[in-house]
>>> print(open('upload-v4.cif').read())   # mmCIF, C-alpha atoms and all ligand atoms
data_input
loop_
_atom_site.group_PDB
_atom_site.id
_atom_site.type_symbol
_atom_site.label_atom_id
_atom_site.label_comp_id
_atom_site.auth_asym_id
_atom_site.auth_seq_id
_atom_site.Cartn_x
_atom_site.Cartn_y
_atom_site.Cartn_z
ATOM 1 C CA MET A 1 0.536 -16.113 9.525
ATOM 2 C CA LEU A 2 -2.873 -15.356 8.003
ATOM 3 C CA GLU A 3 -4.906 -17.201 10.657
ATOM 4 C CA GLU A 4 -5.777 -13.949 12.430
ATOM 5 C CA TYR A 5 -7.870 -12.720 9.464
ATOM 6 C CA PRO A 6 -10.523 -11.462 9.057
ATOM 7 C CA LYS A 7 -9.660 -8.908 11.700
ATOM 8 C CA GLU A 8 -11.595 -5.855 12.888
ATOM 9 C CA VAL A 9 -9.674 -2.583 13.291
ATOM 10 C CA THR A 10 -10.990 0.626 14.814
ATOM 11 C CA LEU A 11 -9.512 3.989 13.849
ATOM 12 C CA LYS A 12 -8.961 6.833 16.309
ATOM 13 C CA ASP A 13 -12.304 8.405 15.407
ATOM 14 C CA GLY A 14 -14.170 5.152 16.141
ATOM 15 C CA PHE A 15 -14.662 4.092 12.512
ATOM 16 C CA SER A 16 -14.126 0.367 12.138
ATOM 17 C CA CYS A 17 -13.449 -1.879 9.169
ATOM 18 C CA THR A 18 -12.345 -5.413 8.457
ATOM 19 C CA LEU A 19 -8.880 -6.369 7.261
ATOM 20 C CA ARG A 20 -8.393 -9.568 5.298
ATOM 21 C CA PRO A 21 -6.318 -10.991 2.457
ATOM 22 C CA MET A 22 -7.758 -10.500 -1.014
ATOM 23 C CA VAL A 23 -9.444 -13.544 -2.574
ATOM 24 C CA CYS A 24 -10.440 -14.345 -6.134
ATOM 25 C CA ASP A 25 -14.061 -13.254 -5.535
ATOM 26 C CA ASP A 26 -12.909 -9.678 -4.821
ATOM 27 C CA GLN A 27 -12.339 -9.026 -8.505
ATOM 28 C CA GLU A 28 -15.401 -6.831 -9.120
ATOM 29 C CA ALA A 29 -15.192 -4.904 -5.832
ATOM 30 C CA LEU A 30 -11.468 -4.277 -6.360
ATOM 31 C CA TYR A 31 -12.060 -3.012 -9.875
ATOM 32 C CA ARG A 32 -14.742 -0.619 -8.527
ATOM 33 C CA PHE A 33 -12.299 0.565 -5.847
ATOM 34 C CA PHE A 34 -9.597 1.470 -8.400
ATOM 35 C CA VAL A 35 -12.030 3.108 -10.812
ATOM 36 C CA SER A 36 -13.297 5.340 -7.971
ATOM 37 C CA LEU A 37 -9.813 6.719 -7.182
ATOM 38 C CA PRO A 38 -9.160 10.368 -8.059
ATOM 39 C CA GLU A 39 -7.339 10.873 -11.370
ATOM 40 C CA GLU A 40 -4.493 12.481 -9.428
ATOM 41 C CA ASP A 41 -3.745 9.124 -7.757
ATOM 42 C CA ARG A 42 -3.617 7.284 -11.052
ATOM 43 C CA ARG A 43 -0.935 9.552 -12.532
ATOM 44 C CA TYR A 44 1.989 7.521 -11.245
ATOM 45 C CA LEU A 45 0.617 4.012 -10.871
ATOM 46 C CA ARG A 46 2.900 1.214 -12.032
ATOM 47 C CA ASP A 47 -0.023 -0.647 -13.575
ATOM 48 C CA ASP A 48 -3.422 0.417 -14.826
ATOM 49 C CA PRO A 49 -5.895 -1.183 -12.409
ATOM 50 C CA THR A 50 -8.791 0.443 -14.230
ATOM 51 C CA ASP A 51 -8.132 -2.150 -16.923
ATOM 52 C CA ARG A 52 -10.525 -4.961 -15.963
ATOM 53 C CA ARG A 53 -8.244 -7.581 -17.538
ATOM 54 C CA LEU A 54 -5.410 -6.628 -15.208
ATOM 55 C CA VAL A 55 -7.569 -7.017 -12.089
ATOM 56 C CA GLN A 56 -8.812 -10.362 -13.468
ATOM 57 C CA LYS A 57 -5.187 -11.446 -13.930
ATOM 58 C CA TRP A 58 -4.299 -10.445 -10.344
ATOM 59 C CA CYS A 59 -7.204 -12.507 -9.050
ATOM 60 C CA ARG A 60 -6.431 -15.487 -11.261
ATOM 61 C CA GLU A 61 -2.741 -15.520 -10.345
ATOM 62 C CA LEU A 62 -3.038 -14.859 -6.600
ATOM 63 C CA ASN A 63 0.133 -16.108 -4.899
ATOM 64 C CA TYR A 64 0.492 -14.777 -1.343
ATOM 65 C CA ASN A 65 4.184 -15.772 -1.286
ATOM 66 C CA LYS A 66 4.899 -13.266 -4.035
ATOM 67 C CA VAL A 67 2.240 -10.604 -3.509
ATOM 68 C CA LEU A 68 0.124 -10.523 -0.372
ATOM 69 C CA PRO A 69 -2.768 -8.057 -0.801
ATOM 70 C CA ILE A 70 -4.548 -7.014 2.396
ATOM 71 C CA LEU A 71 -7.881 -5.276 1.897
ATOM 72 C CA ALA A 72 -9.809 -3.036 4.282
ATOM 73 C CA GLU A 73 -13.533 -3.535 3.831
ATOM 74 C CA HIS A 74 -16.603 -1.798 5.237
ATOM 75 C CA GLU A 75 -20.192 -2.785 4.435
ATOM 76 C CA GLY A 76 -19.160 -4.651 1.285
ATOM 77 C CA SER A 77 -16.967 -1.865 -0.133
ATOM 78 C CA ILE A 78 -13.200 -1.967 -0.352
ATOM 79 C CA LEU A 79 -11.623 1.053 1.349
ATOM 80 C CA ALA A 80 -7.966 0.135 1.038
ATOM 81 C CA ASN A 81 -5.634 -2.124 -0.879
ATOM 82 C CA ALA A 82 -2.222 -2.687 0.683
ATOM 83 C CA THR A 83 0.234 -5.084 -0.931
ATOM 84 C CA LEU A 84 3.412 -6.719 0.302
ATOM 85 C CA HIS A 85 5.632 -7.802 -2.590
ATOM 86 C CA ARG A 86 8.529 -10.186 -2.142
ATOM 87 C CA GLN A 87 11.045 -12.113 -4.165
ATOM 88 C CA THR A 88 11.057 -15.843 -3.534
ATOM 89 C CA PHE A 89 14.699 -16.225 -4.599
ATOM 90 C CA GLY A 90 17.925 -14.239 -4.849
ATOM 91 C CA TRP A 91 19.739 -11.309 -3.266
ATOM 92 C CA GLY A 92 16.558 -9.408 -2.472
ATOM 93 C CA LYS A 93 14.789 -12.302 -0.769
ATOM 94 C CA HIS A 94 14.936 -10.550 2.618
ATOM 95 C CA VAL A 95 13.412 -7.310 1.275
ATOM 96 C CA GLY A 96 9.715 -6.597 0.822
ATOM 97 C CA GLU A 97 8.141 -3.709 -1.030
ATOM 98 C CA ILE A 98 4.862 -2.202 0.053
ATOM 99 C CA ARG A 99 2.240 -0.245 -1.867
ATOM 100 C CA ILE A 100 -0.783 1.268 -0.201
ATOM 101 C CA THR A 101 -3.885 2.899 -1.627
ATOM 102 C CA ILE A 102 -6.664 4.259 0.557
ATOM 103 C CA ALA A 103 -10.089 5.320 -0.775
ATOM 104 C CA ALA A 104 -10.228 9.110 -1.005
ATOM 105 C CA GLU A 105 -13.239 9.394 1.322
ATOM 106 C CA VAL A 106 -11.459 7.783 4.281
ATOM 107 C CA ARG A 107 -8.037 9.413 4.025
ATOM 108 C CA GLN A 108 -6.336 11.273 6.855
ATOM 109 C CA ARG A 109 -8.137 9.231 9.499
ATOM 110 C CA GLY A 110 -5.280 6.870 10.261
ATOM 111 C CA LEU A 111 -6.119 3.986 7.912
ATOM 112 C CA GLY A 112 -2.939 4.509 5.828
ATOM 113 C CA SER A 113 -0.773 4.282 8.961
ATOM 114 C CA GLN A 114 -2.738 1.256 10.122
ATOM 115 C CA MET A 115 -2.055 -0.499 6.808
ATOM 116 C CA VAL A 116 1.691 0.339 6.974
ATOM 117 C CA GLU A 117 1.731 -1.224 10.462
ATOM 118 C CA GLU A 118 -0.226 -4.248 9.276
ATOM 119 C CA LEU A 119 2.170 -4.953 6.401
ATOM 120 C CA SER A 120 5.193 -4.332 8.668
ATOM 121 C CA ASP A 121 3.887 -6.968 11.127
ATOM 122 C CA LEU A 122 3.279 -9.430 8.307
ATOM 123 C CA ALA A 123 6.768 -8.745 6.922
ATOM 124 C CA VAL A 124 8.390 -9.431 10.308
ATOM 125 C CA ARG A 125 6.417 -12.632 10.710
ATOM 126 C CA GLY A 126 7.352 -13.572 7.136
ATOM 127 C CA ASP A 127 11.069 -13.276 8.075
ATOM 128 C CA LEU A 128 11.794 -10.175 6.027
ATOM 129 C CA ASP A 129 14.581 -7.851 7.258
ATOM 130 C CA LYS A 130 13.674 -4.712 5.341
ATOM 131 C CA LEU A 131 10.754 -3.035 3.689
ATOM 132 C CA CYS A 132 10.924 -0.452 0.964
ATOM 133 C CA ALA A 133 8.449 1.931 -0.616
ATOM 134 C CA ARG A 134 8.814 4.042 -3.745
ATOM 135 C CA ILE A 135 6.900 7.317 -3.699
ATOM 136 C CA VAL A 136 6.768 10.270 -6.085
ATOM 137 C CA ALA A 137 9.131 12.731 -4.378
ATOM 138 C CA SER A 138 6.810 15.721 -4.757
ATOM 139 C CA GLN A 139 4.188 13.949 -2.589
ATOM 140 C CA SER A 140 5.700 15.170 0.661
ATOM 141 C CA GLU A 141 2.562 14.407 2.741
ATOM 142 C CA VAL A 142 2.624 10.804 1.566
ATOM 143 C CA ILE A 143 6.328 10.530 2.416
ATOM 144 C CA LYS A 144 5.530 11.901 5.908
ATOM 145 C CA VAL A 145 2.976 9.114 6.485
ATOM 146 C CA PHE A 146 5.675 6.495 5.805
ATOM 147 C CA GLU A 147 8.319 8.358 7.873
ATOM 148 C CA LYS A 148 5.918 8.513 10.832
ATOM 149 C CA ASN A 149 5.661 4.745 10.557
ATOM 150 C CA GLY A 150 9.361 3.927 10.683
ATOM 151 C CA PHE A 151 10.564 4.493 7.120
ATOM 152 C CA THR A 152 13.628 6.612 6.271
ATOM 153 C CA GLN A 153 14.260 8.211 2.921
ATOM 154 C CA VAL A 154 17.477 6.686 1.541
ATOM 155 C CA ALA A 155 17.629 7.814 -2.067
ATOM 156 C CA ILE A 156 16.122 9.941 -4.757
ATOM 157 C CA LEU A 157 15.929 8.568 -8.284
ATOM 158 C CA LYS A 158 16.056 11.712 -10.385
ATOM 159 C CA ASN A 159 13.627 12.030 -13.298
ATOM 160 C CA PHE A 160 12.776 8.360 -12.967
ATOM 161 C CA VAL A 161 9.059 8.014 -13.772
ATOM 162 C CA LYS A 162 6.666 9.766 -16.110
ATOM 163 C CA ASP A 163 3.208 11.038 -15.316
ATOM 164 C CA VAL A 164 0.996 8.693 -17.381
ATOM 165 C CA TYR A 165 -1.234 11.573 -18.508
ATOM 166 C CA LEU A 166 1.224 14.418 -19.128
ATOM 167 C CA GLY A 167 4.395 12.462 -19.836
ATOM 168 C CA GLU A 168 6.432 14.688 -17.492
ATOM 169 C CA TYR A 169 9.367 13.225 -15.575
ATOM 170 C CA GLN A 170 9.167 13.009 -11.794
ATOM 171 C CA ASP A 171 11.695 12.083 -9.103
ATOM 172 C CA ILE A 172 11.081 8.975 -7.001
ATOM 173 C CA ALA A 173 11.896 8.848 -3.283
ATOM 174 C CA VAL A 174 13.047 5.447 -2.032
ATOM 175 C CA LEU A 175 12.133 4.823 1.612
ATOM 176 C CA VAL A 176 13.362 1.897 3.690
ATOM 177 C CA LYS A 177 12.255 0.469 7.045
ATOM 178 C CA ASP A 178 14.671 -1.760 8.936
ATOM 179 C CA LEU A 179 12.719 -4.611 10.531
ATOM 180 C CA SER A 180 15.660 -6.443 12.084
ATOM 181 C CA GLN A 181 15.181 -4.754 15.481
ATOM 182 C CA THR A 182 11.451 -5.455 15.528
ATOM 183 C CA GLU A 183 10.030 -8.299 17.615
ATOM 184 C CA GLY A 184 8.263 -10.981 15.527
HETATM 185 C C1 LIG B 201 -0.648 7.952 1.259
HETATM 186 C C2 LIG B 201 -1.926 7.364 1.809
HETATM 187 C C3 LIG B 201 -1.788 5.843 1.801
HETATM 188 C C4 LIG B 201 -2.122 7.858 3.254
HETATM 189 O O1 LIG B 201 -3.296 7.281 3.778
HETATM 190 P P1 LIG B 201 -4.112 7.996 4.966
HETATM 191 O O2 LIG B 201 -5.135 7.029 5.431
HETATM 192 O O3 LIG B 201 -4.567 9.327 4.534
HETATM 193 O O4 LIG B 201 -2.946 8.141 6.050
HETATM 194 P P2 LIG B 201 -3.108 8.495 7.572
HETATM 195 O O5 LIG B 201 -4.465 9.022 7.873
HETATM 196 O O6 LIG B 201 -2.632 7.336 8.349
HETATM 197 O O7 LIG B 201 -2.066 9.664 7.650
HETATM 198 C C5 LIG B 201 -1.095 9.779 8.636
HETATM 199 C C6 LIG B 201 -0.822 11.217 8.901
HETATM 200 O O8 LIG B 201 -0.523 11.984 7.724
HETATM 201 C C7 LIG B 201 -1.452 13.062 7.582
HETATM 202 N N1 LIG B 201 -1.749 13.185 6.165
HETATM 203 C C8 LIG B 201 -1.955 12.180 5.311
HETATM 204 N N2 LIG B 201 -2.183 12.645 4.070
HETATM 205 C C9 LIG B 201 -2.140 13.997 4.157
HETATM 206 C C10 LIG B 201 -2.322 15.062 3.241
HETATM 207 N N3 LIG B 201 -2.589 14.814 1.942
HETATM 208 N N4 LIG B 201 -2.199 16.329 3.671
HETATM 209 C C11 LIG B 201 -1.936 16.581 4.984
HETATM 210 N N5 LIG B 201 -1.748 15.619 5.900
HETATM 211 C C12 LIG B 201 -1.844 14.341 5.494
HETATM 212 C C13 LIG B 201 -2.638 12.649 8.393
HETATM 213 O O9 LIG B 201 -3.348 13.771 8.836
HETATM 214 C C14 LIG B 201 -1.999 11.883 9.540
HETATM 215 O O10 LIG B 201 -1.473 12.750 10.511
HETATM 216 P P3 LIG B 201 -1.522 12.329 12.073
HETATM 217 O O11 LIG B 201 -0.779 11.016 12.188
HETATM 218 O O12 LIG B 201 -0.820 13.462 12.742
HETATM 219 O O13 LIG B 201 -2.958 12.204 12.398
HETATM 220 C C15 LIG B 201 -3.161 7.814 0.975
HETATM 221 O O14 LIG B 201 -3.159 9.213 0.896
HETATM 222 C C16 LIG B 201 -3.205 7.249 -0.445
HETATM 223 O O15 LIG B 201 -3.758 6.172 -0.647
HETATM 224 N N6 LIG B 201 -2.623 7.965 -1.442
HETATM 225 C C17 LIG B 201 -2.633 7.535 -2.856
HETATM 226 C C18 LIG B 201 -1.687 6.364 -3.096
HETATM 227 C C19 LIG B 201 -0.275 6.633 -2.633
HETATM 228 O O16 LIG B 201 0.295 7.675 -2.881
HETATM 229 N N7 LIG B 201 0.306 5.623 -1.927
HETATM 230 C C20 LIG B 201 1.632 5.709 -1.364
HETATM 231 C C21 LIG B 201 2.670 5.151 -2.260
HETATM 232 S S1 LIG B 201 2.785 3.394 -2.149
#
>>> encode(input="upload-v4.cif", output="structure tokens", more="lines below")
Ligand SMILES: CC(C)(COP(=O)(O)OP(=O)(O)OC[C@H]1O[C@@H](n2cnc3c(N)ncnc32)[C@H](O)[C@@H]1OP(=O)(O)O)[C@@H](O)C(=O)NCCC(=O)NCCS
Amino acid sequence: MLEEYPKEVTLKDGFSCTLRPMVCDDQEALYRFFVSLPEEDRRYLRDDPTDRRLVQKWCRELNYNKVLPILAEHEGSILANATLHRQTFGWGKHVGEIRITIAAEVRQRGLGSQMVEELSDLAVRGDLDKLCARIVASQSEVIKVFEKNGFTQVAILKNFVKDVYLGEYQDIAVLVKDLSQTEG
């Protein structure tokens, strides 16, 4: 499944970067990537990737069967981190969850959509039937990116998360993509 990496992708405007699974040696570059994100993006993160120890733990405990992180890289810098999370056992074994973060300087050029497509392909080839994404409901432009790439909003979890800086509740939109019709 991962034999095709590293893989070169070219965006609509001609910009190209390399996609590949994260490896242990990416620790420092990944930390720098998260630290460089705008504060706005860090408001609703599930973890605090600006904590060096957390990034070290991710690298130490890499297990592609549970979390498959695909990075986009250009001239030694990480421009995107896209992760496919899956359960190895139980009633949700056929469902993957994706999380995507694109460096602020390369947004709105198609890389986010490219990463959604990349993870969808990997999910199909990994025998998953569905993908889900959880997005802060007020981020309508982010939701649109996922909808354009085959996701449908199926639920709103009212007042479900708290802004890590202000402590205010926010709704979460749950989006699902059905992969069962997609060719592997
Ligand atoms: C959401 C995110 C991944 C989108 O990445 P991206 O590279 O900007 O996405 P794309 O360029 O593929 O966007 C696709 C479309 O949405 C539009 N778009 C994306 N963000 C937009 C914004 N903030 N305002 C207006 N339009 C936007 C793009 O113009 C593009 O339109 P097009 O297909 O007509 O050209 C990126 O903004 C990000 O990393 N956000 C922070 C983390 C996050 O919220 N992740 C999602 C939850 S897991």
>>> resolve_selection(input="upload-v4.cif", expression="the PyMOL selection byres (((chain A and resi 94) around 12) and not hetatm)", output="MDAnalysis selection string")
chainID A and resid 85:93 95:97 123:132 178:180
>>> axis_aligned_box(input="upload-v4.cif", around="range 61-78 of chain A", padding_each_side="8 Å", output="AutoDock Vina command-line options")
--center_x -7.6 --center_y -9.0 --center_z -2.6 --size_x 41.1 --size_y 30.3 --size_z 31.6
>>> residues_near_ligand(input="upload-v4.cif", ligand="ligand LIG 201 (chain B)", cutoff="6 Å", atoms="only C-alpha atoms and all ligand atoms", output="list in words")
Asp41, Arg99, Ile100, Thr101, Ile102, Arg107, Gln108, Arg109, Gly110, Leu111, Gly112, Ser113, Ile135, Glu141, Val142 and Val145 of chain A
>>> closest_residue(input="upload-v4.cif", among="A:Val154, A:Gln139, A:Phe15, A:Glu3", to="Glu75 in chain A", atoms="all atoms listed in the file")
A:Phe15
>>> closest_residue(input="upload-v4.cif", among="A:Val35, A:Met22, A:Leu166, A:Ile78", to="Asp48 in chain A", atoms="all atoms listed in the file")
A:Val35
>>> decode(input="upload-v4.cif", residues="range 131-150 of chain A", atoms="C-alpha atoms", output="PDB file, in the first residue's frame")
ATOM      1  CA  LEU A 131     -14.235   7.994   6.555  1.00  0.00           C
ATOM      2  CA  CYS A 132     -15.220  10.627   9.050  1.00  0.00           C
ATOM      3  CA  ALA A 133     -13.934  14.067   9.950  1.00  0.00           C
ATOM      4  CA  ARG A 134     -14.823  16.260  12.915  1.00  0.00           C
ATOM      5  CA  ILE A 135     -14.647  19.991  12.255  1.00  0.00           C
ATOM      6  CA  VAL A 136     -15.579  23.032  14.332  1.00  0.00           C
ATOM      7  CA  ALA A 137     -19.004  23.909  12.899  1.00  0.00           C
ATOM      8  CA  SER A 138     -18.284  27.633  12.604  1.00  0.00           C
ATOM      9  CA  GLN A 139     -15.444  26.880  10.139  1.00  0.00           C
ATOM     10  CA  SER A 140     -17.750  26.794   7.136  1.00  0.00           C
ATOM     11  CA  GLU A 141     -14.906  27.174   4.581  1.00  0.00           C
ATOM     12  CA  VAL A 142     -13.159  24.140   6.031  1.00  0.00           C
ATOM     13  CA  ILE A 143     -16.399  22.140   5.902  1.00  0.00           C
ATOM     14  CA  LYS A 144     -16.773  23.164   2.225  1.00  0.00           C
ATOM     15  CA  VAL A 145     -13.323  21.728   1.412  1.00  0.00           C
ATOM     16  CA  PHE A 146     -14.408  18.331   2.785  1.00  0.00           C
ATOM     17  CA  GLU A 147     -17.853  18.500   1.097  1.00  0.00           C
ATOM     18  CA  LYS A 148     -16.191  19.232  -2.256  1.00  0.00           C
ATOM     19  CA  ASN A 149     -14.202  16.053  -1.733  1.00  0.00           C
ATOM     20  CA  GLY A 150     -17.098  13.685  -1.109  1.00  0.00           C
TER      21      GLY A 150
END
